[in-house]
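Data block for target_20.txt (compact mmCIF, N, CA and C atoms):
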# COMPACT_ATOMS: atom_id res chain seq x y z
N GLN Y 14 -23.51 14.94 11.80
CA GLN Y 14 -22.19 14.51 12.21
C GLN Y 14 -21.95 13.08 11.71
N VAL Y 15 -20.82 12.86 11.08
CA VAL Y 15 -20.46 11.55 10.56
C VAL Y 15 -19.71 10.78 11.65
N GLN Y 16 -20.15 9.58 11.89
CA GLN Y 16 -19.45 8.71 12.85
C GLN Y 16 -18.83 7.54 12.10
N LEU Y 17 -17.60 7.23 12.47
CA LEU Y 17 -16.87 6.12 11.88
C LEU Y 17 -16.45 5.18 13.00
N VAL Y 18 -16.75 3.91 12.84
CA VAL Y 18 -16.42 2.93 13.87
C VAL Y 18 -15.58 1.83 13.25
N GLU Y 19 -14.33 1.73 13.74
CA GLU Y 19 -13.42 0.70 13.23
C GLU Y 19 -13.54 -0.58 14.06
N SER Y 20 -13.23 -1.68 13.43
CA SER Y 20 -13.15 -2.96 14.13
C SER Y 20 -12.23 -3.88 13.35
N GLY Y 21 -11.82 -4.96 13.99
CA GLY Y 21 -11.03 -5.96 13.30
C GLY Y 21 -9.56 -6.00 13.67
N GLY Y 22 -9.13 -5.07 14.49
CA GLY Y 22 -7.73 -5.09 14.91
C GLY Y 22 -7.45 -6.24 15.85
N GLY Y 23 -6.16 -6.42 16.15
CA GLY Y 23 -5.80 -7.48 17.08
C GLY Y 23 -4.33 -7.82 16.99
N LEU Y 24 -3.99 -8.95 17.57
CA LEU Y 24 -2.61 -9.44 17.59
C LEU Y 24 -2.49 -10.57 16.58
N VAL Y 25 -1.47 -10.49 15.74
CA VAL Y 25 -1.26 -11.50 14.73
C VAL Y 25 0.24 -11.73 14.56
N GLN Y 26 0.60 -12.93 14.16
CA GLN Y 26 2.01 -13.22 13.91
C GLN Y 26 2.43 -12.68 12.54
N ALA Y 27 3.70 -12.41 12.41
CA ALA Y 27 4.23 -11.95 11.13
C ALA Y 27 3.85 -12.95 10.02
N GLY Y 28 3.44 -12.39 8.88
CA GLY Y 28 3.00 -13.22 7.77
C GLY Y 28 1.51 -13.47 7.76
N GLY Y 29 0.85 -13.14 8.84
CA GLY Y 29 -0.58 -13.36 8.96
C GLY Y 29 -1.41 -12.27 8.30
N SER Y 30 -2.72 -12.39 8.46
CA SER Y 30 -3.65 -11.46 7.83
C SER Y 30 -4.68 -10.96 8.84
N LEU Y 31 -5.18 -9.78 8.58
CA LEU Y 31 -6.29 -9.20 9.32
C LEU Y 31 -7.14 -8.41 8.34
N ARG Y 32 -8.42 -8.28 8.65
CA ARG Y 32 -9.28 -7.40 7.87
C ARG Y 32 -9.91 -6.39 8.81
N LEU Y 33 -9.63 -5.12 8.54
CA LEU Y 33 -10.22 -4.04 9.30
C LEU Y 33 -11.51 -3.59 8.62
N SER Y 34 -12.48 -3.19 9.43
CA SER Y 34 -13.74 -2.67 8.92
C SER Y 34 -13.97 -1.28 9.48
N CYS Y 35 -14.57 -0.44 8.68
CA CYS Y 35 -14.94 0.91 9.11
C CYS Y 35 -16.39 1.13 8.72
N ALA Y 36 -17.26 1.15 9.72
CA ALA Y 36 -18.68 1.36 9.49
C ALA Y 36 -19.01 2.84 9.65
N ALA Y 37 -19.63 3.41 8.63
CA ALA Y 37 -19.97 4.84 8.65
C ALA Y 37 -21.45 5.02 8.98
N SER Y 38 -21.76 6.15 9.60
CA SER Y 38 -23.15 6.45 9.98
C SER Y 38 -23.93 7.08 8.83
N VAL Y 39 -23.24 7.34 7.72
CA VAL Y 39 -23.89 7.91 6.53
C VAL Y 39 -23.47 7.09 5.32
N SER Y 40 -24.11 7.37 4.20
CA SER Y 40 -23.73 6.68 2.98
C SER Y 40 -22.28 7.00 2.63
N ILE Y 41 -21.49 5.96 2.41
CA ILE Y 41 -20.08 6.20 2.08
C ILE Y 41 -19.95 6.84 0.69
N PHE Y 42 -20.99 6.72 -0.12
CA PHE Y 42 -20.94 7.33 -1.44
C PHE Y 42 -21.16 8.84 -1.37
N SER Y 43 -21.57 9.34 -0.21
CA SER Y 43 -21.69 10.79 -0.02
C SER Y 43 -20.34 11.42 0.30
N MET Y 44 -19.36 10.58 0.56
CA MET Y 44 -18.02 11.06 0.89
C MET Y 44 -17.18 11.21 -0.37
N ARG Y 45 -16.36 12.25 -0.40
CA ARG Y 45 -15.46 12.46 -1.52
C ARG Y 45 -14.40 11.36 -1.56
N ALA Y 46 -13.95 10.96 -0.38
CA ALA Y 46 -12.93 9.92 -0.30
C ALA Y 46 -12.94 9.33 1.10
N MET Y 47 -12.48 8.11 1.19
CA MET Y 47 -12.30 7.48 2.49
C MET Y 47 -10.94 6.80 2.50
N GLY Y 48 -10.41 6.62 3.69
CA GLY Y 48 -9.10 6.01 3.75
C GLY Y 48 -8.76 5.45 5.11
N TRP Y 49 -7.65 4.78 5.13
CA TRP Y 49 -7.08 4.23 6.36
C TRP Y 49 -5.73 4.88 6.60
N TYR Y 50 -5.54 5.34 7.81
CA TYR Y 50 -4.27 5.88 8.26
C TYR Y 50 -3.78 5.04 9.42
N ARG Y 51 -2.51 5.18 9.73
CA ARG Y 51 -1.98 4.50 10.90
C ARG Y 51 -0.96 5.38 11.60
N GLN Y 52 -0.83 5.13 12.89
CA GLN Y 52 0.14 5.87 13.69
C GLN Y 52 0.82 4.92 14.65
N ALA Y 53 2.11 4.79 14.48
CA ALA Y 53 2.92 3.97 15.38
C ALA Y 53 3.47 4.86 16.50
N PRO Y 54 3.84 4.28 17.63
CA PRO Y 54 4.37 5.08 18.74
C PRO Y 54 5.57 5.92 18.30
N GLY Y 55 5.52 7.20 18.61
CA GLY Y 55 6.63 8.09 18.29
C GLY Y 55 6.71 8.52 16.84
N LYS Y 56 5.71 8.12 16.05
CA LYS Y 56 5.74 8.47 14.63
C LYS Y 56 4.49 9.27 14.25
N GLN Y 57 4.58 9.95 13.13
CA GLN Y 57 3.43 10.71 12.65
C GLN Y 57 2.39 9.78 12.02
N ARG Y 58 1.16 10.25 12.03
CA ARG Y 58 0.11 9.50 11.36
C ARG Y 58 0.36 9.54 9.85
N GLU Y 59 0.20 8.38 9.21
CA GLU Y 59 0.47 8.31 7.78
C GLU Y 59 -0.68 7.62 7.04
N LEU Y 60 -0.85 8.02 5.79
CA LEU Y 60 -1.87 7.39 4.96
C LEU Y 60 -1.41 5.99 4.58
N VAL Y 61 -2.29 5.03 4.74
CA VAL Y 61 -2.01 3.66 4.35
C VAL Y 61 -2.67 3.36 3.01
N ALA Y 62 -3.95 3.67 2.90
CA ALA Y 62 -4.69 3.39 1.66
C ALA Y 62 -5.89 4.31 1.60
N GLY Y 63 -6.26 4.68 0.37
CA GLY Y 63 -7.42 5.53 0.18
C GLY Y 63 -8.24 5.08 -1.00
N ILE Y 64 -9.53 5.44 -0.97
CA ILE Y 64 -10.42 5.13 -2.07
C ILE Y 64 -11.33 6.33 -2.28
N THR Y 65 -11.48 6.73 -3.54
CA THR Y 65 -12.30 7.90 -3.84
C THR Y 65 -13.72 7.49 -4.20
N SER Y 66 -14.58 8.49 -4.34
CA SER Y 66 -15.96 8.22 -4.74
C SER Y 66 -16.02 7.60 -6.12
N GLY Y 67 -14.98 7.83 -6.92
CA GLY Y 67 -14.91 7.24 -8.26
C GLY Y 67 -14.24 5.89 -8.28
N ASP Y 68 -13.96 5.34 -7.11
CA ASP Y 68 -13.36 4.01 -6.95
C ASP Y 68 -11.87 3.97 -7.25
N SER Y 69 -11.22 5.11 -7.37
CA SER Y 69 -9.77 5.09 -7.51
C SER Y 69 -9.15 4.78 -6.16
N THR Y 70 -8.08 4.02 -6.18
CA THR Y 70 -7.40 3.66 -4.94
C THR Y 70 -5.94 4.09 -4.99
N ASN Y 71 -5.38 4.31 -3.82
CA ASN Y 71 -3.96 4.59 -3.72
C ASN Y 71 -3.44 3.98 -2.43
N TYR Y 72 -2.16 3.63 -2.45
CA TYR Y 72 -1.55 2.94 -1.32
C TYR Y 72 -0.19 3.52 -1.00
N ALA Y 73 0.16 3.45 0.27
CA ALA Y 73 1.54 3.77 0.65
C ALA Y 73 2.45 2.73 0.03
N ASP Y 74 3.65 3.15 -0.35
CA ASP Y 74 4.59 2.21 -0.97
C ASP Y 74 4.86 1.01 -0.07
N SER Y 75 4.85 1.23 1.22
CA SER Y 75 5.20 0.17 2.16
C SER Y 75 4.17 -0.95 2.23
N VAL Y 76 2.96 -0.70 1.72
CA VAL Y 76 1.91 -1.72 1.80
C VAL Y 76 1.42 -2.20 0.43
N LYS Y 77 1.94 -1.61 -0.63
CA LYS Y 77 1.51 -2.02 -1.97
C LYS Y 77 1.77 -3.51 -2.18
N GLY Y 78 0.77 -4.18 -2.74
CA GLY Y 78 0.89 -5.61 -2.98
C GLY Y 78 0.52 -6.47 -1.79
N ARG Y 79 0.33 -5.83 -0.62
CA ARG Y 79 -0.04 -6.60 0.58
C ARG Y 79 -1.41 -6.21 1.12
N PHE Y 80 -1.77 -4.94 1.01
CA PHE Y 80 -3.03 -4.45 1.56
C PHE Y 80 -3.99 -4.11 0.42
N ILE Y 81 -5.28 -4.29 0.67
CA ILE Y 81 -6.30 -3.95 -0.31
C ILE Y 81 -7.42 -3.19 0.40
N ILE Y 82 -7.76 -2.03 -0.14
CA ILE Y 82 -8.88 -1.26 0.38
C ILE Y 82 -10.09 -1.51 -0.52
N SER Y 83 -11.24 -1.66 0.10
CA SER Y 83 -12.46 -1.89 -0.66
C SER Y 83 -13.64 -1.32 0.12
N ARG Y 84 -14.80 -1.29 -0.50
CA ARG Y 84 -15.96 -0.76 0.18
C ARG Y 84 -17.20 -1.56 -0.21
N GLU Y 85 -18.16 -1.53 0.68
CA GLU Y 85 -19.43 -2.20 0.47
C GLU Y 85 -20.53 -1.18 0.75
N GLY Y 86 -21.11 -0.65 -0.33
CA GLY Y 86 -22.03 0.46 -0.18
C GLY Y 86 -23.28 0.15 0.61
N ASN Y 87 -23.83 -1.05 0.43
CA ASN Y 87 -25.09 -1.36 1.10
C ASN Y 87 -24.91 -1.54 2.60
N LYS Y 88 -23.64 -1.63 3.04
CA LYS Y 88 -23.35 -1.72 4.47
C LYS Y 88 -22.65 -0.46 4.97
N ASN Y 89 -22.45 0.51 4.07
CA ASN Y 89 -21.74 1.75 4.44
C ASN Y 89 -20.43 1.43 5.15
N THR Y 90 -19.71 0.50 4.61
CA THR Y 90 -18.49 0.00 5.25
C THR Y 90 -17.32 0.00 4.28
N VAL Y 91 -16.18 0.41 4.79
CA VAL Y 91 -14.92 0.35 4.05
C VAL Y 91 -14.02 -0.66 4.77
N TYR Y 92 -13.32 -1.45 3.98
CA TYR Y 92 -12.47 -2.50 4.54
C TYR Y 92 -11.01 -2.25 4.20
N LEU Y 93 -10.15 -2.82 5.01
CA LEU Y 93 -8.73 -2.86 4.69
C LEU Y 93 -8.28 -4.30 4.94
N GLN Y 94 -8.05 -5.02 3.86
CA GLN Y 94 -7.53 -6.39 3.95
C GLN Y 94 -6.02 -6.30 4.01
N MET Y 95 -5.46 -6.82 5.08
CA MET Y 95 -4.02 -6.74 5.28
C MET Y 95 -3.43 -8.14 5.28
N ASN Y 96 -2.58 -8.39 4.29
CA ASN Y 96 -1.93 -9.70 4.15
C ASN Y 96 -0.42 -9.54 4.31
N GLY Y 97 0.24 -10.62 4.60
CA GLY Y 97 1.68 -10.57 4.74
C GLY Y 97 2.14 -9.55 5.77
N LEU Y 98 1.47 -9.52 6.90
CA LEU Y 98 1.77 -8.50 7.90
C LEU Y 98 3.18 -8.63 8.44
N LYS Y 99 3.76 -7.48 8.72
CA LYS Y 99 5.13 -7.38 9.24
C LYS Y 99 5.10 -6.66 10.58
N PRO Y 100 6.11 -6.89 11.41
CA PRO Y 100 6.15 -6.17 12.69
C PRO Y 100 6.07 -4.65 12.52
N GLU Y 101 6.62 -4.14 11.44
CA GLU Y 101 6.58 -2.69 11.22
C GLU Y 101 5.20 -2.17 10.84
N ASP Y 102 4.24 -3.06 10.64
CA ASP Y 102 2.85 -2.65 10.42
C ASP Y 102 2.12 -2.38 11.74
N THR Y 103 2.78 -2.68 12.84
CA THR Y 103 2.18 -2.44 14.15
C THR Y 103 1.88 -0.96 14.34
N ALA Y 104 0.64 -0.65 14.65
CA ALA Y 104 0.21 0.74 14.81
C ALA Y 104 -1.27 0.76 15.19
N VAL Y 105 -1.73 1.94 15.54
CA VAL Y 105 -3.17 2.17 15.65
C VAL Y 105 -3.66 2.60 14.27
N TYR Y 106 -4.67 1.92 13.78
CA TYR Y 106 -5.20 2.21 12.45
C TYR Y 106 -6.50 3.00 12.59
N TYR Y 107 -6.57 4.09 11.83
CA TYR Y 107 -7.71 4.99 11.89
C TYR Y 107 -8.42 5.06 10.54
N CYS Y 108 -9.72 5.07 10.61
CA CYS Y 108 -10.53 5.29 9.42
C CYS Y 108 -10.75 6.80 9.26
N ASN Y 109 -10.73 7.24 8.03
CA ASN Y 109 -10.90 8.66 7.73
C ASN Y 109 -11.90 8.82 6.59
N ALA Y 110 -12.69 9.87 6.67
CA ALA Y 110 -13.63 10.20 5.60
C ALA Y 110 -13.57 11.68 5.32
N GLU Y 111 -13.67 12.03 4.06
CA GLU Y 111 -13.65 13.44 3.65
C GLU Y 111 -14.90 13.72 2.83
N ASN Y 112 -15.68 14.72 3.25
CA ASN Y 112 -16.90 15.01 2.50
C ASN Y 112 -16.59 15.94 1.32
N PRO Y 113 -17.57 16.20 0.46
CA PRO Y 113 -17.29 17.03 -0.74
C PRO Y 113 -16.78 18.43 -0.42
N TRP Y 114 -16.98 18.92 0.80
CA TRP Y 114 -16.52 20.24 1.19
C TRP Y 114 -15.20 20.17 1.96
N ARG Y 115 -14.54 19.03 1.84
CA ARG Y 115 -13.21 18.81 2.40
C ARG Y 115 -13.19 18.76 3.93
N ARG Y 116 -14.32 18.57 4.55
CA ARG Y 116 -14.31 18.35 5.99
C ARG Y 116 -13.99 16.87 6.24
N THR Y 117 -13.12 16.65 7.23
CA THR Y 117 -12.69 15.28 7.49
C THR Y 117 -13.23 14.77 8.82
N TYR Y 118 -13.38 13.48 8.87
CA TYR Y 118 -13.88 12.80 10.06
C TYR Y 118 -12.95 11.62 10.35
N TRP Y 119 -12.84 11.30 11.66
CA TRP Y 119 -11.95 10.22 12.08
C TRP Y 119 -12.70 9.25 12.99
N GLY Y 120 -12.31 7.98 12.88
CA GLY Y 120 -12.78 7.00 13.83
C GLY Y 120 -11.90 7.02 15.07
N GLN Y 121 -12.21 6.15 16.00
CA GLN Y 121 -11.49 6.14 17.28
C GLN Y 121 -10.19 5.35 17.21
N GLY Y 122 -10.02 4.57 16.16
CA GLY Y 122 -8.80 3.79 15.98
C GLY Y 122 -8.92 2.36 16.48
N THR Y 123 -8.16 1.49 15.86
CA THR Y 123 -8.11 0.09 16.28
C THR Y 123 -6.64 -0.36 16.25
N GLN Y 124 -6.23 -1.04 17.30
CA GLN Y 124 -4.83 -1.44 17.43
C GLN Y 124 -4.54 -2.70 16.62
N VAL Y 125 -3.46 -2.63 15.86
CA VAL Y 125 -2.94 -3.80 15.15
C VAL Y 125 -1.53 -4.05 15.65
N THR Y 126 -1.29 -5.24 16.16
CA THR Y 126 0.03 -5.61 16.66
C THR Y 126 0.49 -6.86 15.93
N VAL Y 127 1.67 -6.78 15.33
CA VAL Y 127 2.23 -7.90 14.59
C VAL Y 127 3.48 -8.37 15.32
N SER Y 128 3.46 -9.61 15.76
CA SER Y 128 4.60 -10.15 16.49
C SER Y 128 5.55 -10.86 15.53
N SER Y 129 6.82 -10.81 15.88
CA SER Y 129 7.84 -11.43 15.00
C SER Y 129 8.09 -12.88 15.37
Take the structure in this file and express it as structure tokens.
Amino acid sequence: QVQLVESGGGLVQAGGSLRLSCAASVSIFSMRAMGWYRQAPGKQRELVAGITSGDSTNYADSVKGRFIISREGNKNTVYLQMNGLKPEDTAVYYCNAENPWRRTYWGQGTQVTVSS
């Protein structure tokens, strides 16, 4: 069973930065892809950023140029650096991992609140 533990959320003013971390219980290189999703109250969960085993990245249009996804293999950790935060970025952020057989795993989520 793959366990994902997020950390780094919190309250920040608009324009500020946060870095989220997702620590995996297995080698992140064993995963086909990993990503960050978010869910705001009353809205569907949406993909924020993803990174594949081949190091390809993709971002939601709303965060392009502001957020950066990266990984550190020796720590089995994936990061989401969030800069220029806006109130509309407020949501619970979830780490996601997909293994080569397309099974997905989720972390428990971390709250990010951006005040105006």
Enclose range 106-116 of chain Y, meaning all of its atoms listed in the file, in a box aligned along x, y and z, pad it by 8 Å on each side, and list the centre and edge lengths in Å to one decimal, as AutoDock Vina command-line options.
--center_x -11.1 --center_y 11.1 --center_z 6.5 --size_x 28.9 --size_y 34.3 --size_z 30.5
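Atom C of Gly22 in chain Y lies 19.0 Å from atom N of Gly63 in chain Y.
For chain Y, backbone-based DSSP labels the following residues as helix (DSSP H, G or I): Ile41, Phe42, Ser43, Gly86, Asn87, Lys88, Pro100, Glu101 and Asp102 of chain Y.
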**Prompt:** Hey, which of Y:Pro54, Y:Gly122, Y:Val61, Y:Met47 ends up closest to Val76 in chain Y? Count only N, CA and C atoms.
**Reply:** Y:Val61
**Asked** If we count all atoms listed in the file, what is near Asn112 in chain Y at a cut-off of 7 Å, once residues fewer than 6 positions away on the same chain are taken out, given as a list in words?
**Response**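 With the cut-off at 7 Å, the set is Ser43, Met44, Arg45, Ala46 and Tyr118 of chain Y.
For the pair atom C of Gln26 in chain Y and atom C of Gly97 in chain Y, the separation is 7.5 Å.
We find CA of Asn109 in chain Y and CA of Leu17 in chain Y to be spaced 7.7 Å apart.
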**Asked** Smallest atom-to-atom distance to Glu19 in chain Y: which of Y:Ala73, Y:Ala104, Y:Leu33, Y:Lys99, using all atoms listed in the file?
**Response**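 Of Y:Ala73, Y:Ala104, Y:Leu33, Y:Lys99, the one nearest Glu19 in chain Y, counting all atoms listed in the file, is Y:Leu33.
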**Asked** Which is closer to Gly29 in chain Y than all the others in Y:Leu98, Y:Val105, Y:Thr65, Y:Glu111, using all atoms listed in the file?
**Response** Y:Leu98
**Protein and nucleic acid residues near (-11.7, 7.8, 12.9) (cut-off 9 Å, only C-alpha atoms) as an MDAnalysis selection string** = chainID Y and resid 16:19 35 49:50 106:110 118:122
Would you please extract all strand (DSSP E) residues from range 63-95 of chain Y, as assigned by DSSP on the backbone, and give them as an mmCIF file with N, CA and C atoms, in the frame of the given file?
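Writing the result to result_22.cif gives the following:
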data_model
loop_
_atom_site.group_PDB
_atom_site.id
_atom_site.type_symbol
_atom_site.label_atom_id
_atom_site.label_comp_id
_atom_site.auth_asym_id
_atom_site.auth_seq_id
_atom_site.Cartn_x
_atom_site.Cartn_y
_atom_site.Cartn_z
ATOM 1 N N GLY Y 63 -6.260 4.680 0.370
ATOM 2 C CA GLY Y 63 -7.420 5.530 0.180
ATOM 3 C C GLY Y 63 -8.240 5.080 -1.000
ATOM 4 N N ILE Y 64 -9.530 5.440 -0.970
ATOM 5 C CA ILE Y 64 -10.420 5.130 -2.070
ATOM 6 C C ILE Y 64 -11.330 6.330 -2.280
ATOM 7 N N THR Y 65 -11.480 6.730 -3.540
ATOM 8 C CA THR Y 65 -12.300 7.900 -3.840
ATOM 9 C C THR Y 65 -13.720 7.490 -4.200
ATOM 10 N N THR Y 70 -8.080 4.020 -6.180
ATOM 11 C CA THR Y 70 -7.400 3.660 -4.940
ATOM 12 C C THR Y 70 -5.940 4.090 -4.990
ATOM 13 N N ASN Y 71 -5.380 4.310 -3.820
ATOM 14 C CA ASN Y 71 -3.960 4.590 -3.720
ATOM 15 C C ASN Y 71 -3.440 3.980 -2.430
ATOM 16 N N TYR Y 72 -2.160 3.630 -2.450
ATOM 17 C CA TYR Y 72 -1.550 2.940 -1.320
ATOM 18 C C TYR Y 72 -0.190 3.520 -1.000
ATOM 19 N N PHE Y 80 -1.770 -4.940 1.010
ATOM 20 C CA PHE Y 80 -3.030 -4.450 1.560
ATOM 21 C C PHE Y 80 -3.990 -4.110 0.420
ATOM 22 N N ILE Y 81 -5.280 -4.290 0.670
ATOM 23 C CA ILE Y 81 -6.300 -3.950 -0.310
ATOM 24 C C ILE Y 81 -7.420 -3.190 0.400
ATOM 25 N N ILE Y 82 -7.760 -2.030 -0.140
ATOM 26 C CA ILE Y 82 -8.880 -1.260 0.380
ATOM 27 C C ILE Y 82 -10.090 -1.510 -0.520
ATOM 28 N N SER Y 83 -11.240 -1.660 0.100
ATOM 29 C CA SER Y 83 -12.460 -1.890 -0.660
ATOM 30 C C SER Y 83 -13.640 -1.320 0.120
ATOM 31 N N ARG Y 84 -14.800 -1.290 -0.500
ATOM 32 C CA ARG Y 84 -15.960 -0.760 0.180
ATOM 33 C C ARG Y 84 -17.200 -1.560 -0.210
ATOM 34 N N GLU Y 85 -18.160 -1.530 0.680
ATOM 35 C CA GLU Y 85 -19.430 -2.200 0.470
ATOM 36 C C GLU Y 85 -20.530 -1.180 0.750
ATOM 37 N N THR Y 90 -19.710 0.500 4.610
ATOM 38 C CA THR Y 90 -18.490 0.000 5.250
ATOM 39 C C THR Y 90 -17.320 0.000 4.280
ATOM 40 N N VAL Y 91 -16.180 0.410 4.790
ATOM 41 C CA VAL Y 91 -14.920 0.350 4.050
ATOM 42 C C VAL Y 91 -14.020 -0.660 4.770
ATOM 43 N N TYR Y 92 -13.320 -1.450 3.980
ATOM 44 C CA TYR Y 92 -12.470 -2.500 4.540
ATOM 45 C C TYR Y 92 -11.010 -2.250 4.200
ATOM 46 N N LEU Y 93 -10.150 -2.820 5.010
ATOM 47 C CA LEU Y 93 -8.730 -2.860 4.690
ATOM 48 C C LEU Y 93 -8.280 -4.300 4.940
ATOM 49 N N GLN Y 94 -8.050 -5.020 3.860
ATOM 50 C CA GLN Y 94 -7.530 -6.390 3.950
ATOM 51 C C GLN Y 94 -6.020 -6.300 4.010
ATOM 52 N N MET Y 95 -5.460 -6.820 5.080
ATOM 53 C CA MET Y 95 -4.020 -6.740 5.280
ATOM 54 C C MET Y 95 -3.430 -8.140 5.280
#
**Prompt:** Around (-4.8, 0.6, 0.6) in the file's own coordinates, what residues are found within 5 Å if you use all atoms listed in the file, given back as a VMD selection string?
**Reply:** chain Y and resid 61 to 63 71 to 72 80 to 82
Let me see the file: selected residues, N, CA and C atoms, as a PDB file, in the frame of the given file.
ATOM      1  N   VAL Y  61      -2.290   5.030   4.740  1.00  0.00           N
ATOM      2  CA  VAL Y  61      -2.010   3.660   4.350  1.00  0.00           C
ATOM      3  C   VAL Y  61      -2.670   3.360   3.010  1.00  0.00           C
ATOM      4  N   ALA Y  62      -3.950   3.670   2.900  1.00  0.00           N
ATOM      5  CA  ALA Y  62      -4.690   3.390   1.660  1.00  0.00           C
ATOM      6  C   ALA Y  62      -5.890   4.310   1.600  1.00  0.00           C
ATOM      7  N   GLY Y  63      -6.260   4.680   0.370  1.00  0.00           N
ATOM      8  CA  GLY Y  63      -7.420   5.530   0.180  1.00  0.00           C
ATOM      9  C   GLY Y  63      -8.240   5.080  -1.000  1.00  0.00           C
ATOM     10  N   ASN Y  71      -5.380   4.310  -3.820  1.00  0.00           N
ATOM     11  CA  ASN Y  71      -3.960   4.590  -3.720  1.00  0.00           C
ATOM     12  C   ASN Y  71      -3.440   3.980  -2.430  1.00  0.00           C
ATOM     13  N   TYR Y  72      -2.160   3.630  -2.450  1.00  0.00           N
ATOM     14  CA  TYR Y  72      -1.550   2.940  -1.320  1.00  0.00           C
ATOM     15  C   TYR Y  72      -0.190   3.520  -1.000  1.00  0.00           C
ATOM     16  N   PHE Y  80      -1.770  -4.940   1.010  1.00  0.00           N
ATOM     17  CA  PHE Y  80      -3.030  -4.450   1.560  1.00  0.00           C
ATOM     18  C   PHE Y  80      -3.990  -4.110   0.420  1.00  0.00           C
ATOM     19  N   ILE Y  81      -5.280  -4.290   0.670  1.00  0.00           N
ATOM     20  CA  ILE Y  81      -6.300  -3.950  -0.310  1.00  0.00           C
ATOM     21  C   ILE Y  81      -7.420  -3.190   0.400  1.00  0.00           C
ATOM     22  N   ILE Y  82      -7.760  -2.030  -0.140  1.00  0.00           N
ATOM     23  CA  ILE Y  82      -8.880  -1.260   0.380  1.00  0.00           C
ATOM     24  C   ILE Y  82     -10.090  -1.510  -0.520  1.00  0.00           C
TER      25      ILE Y  82
END
**Asked** Nearest to Ser40 in chain Y among Y:Ser129, Y:Glu101, Y:Thr123, Y:Asn89, with distances taken over all atoms listed in the file: which residue is it?
**Response** Y:Asn89
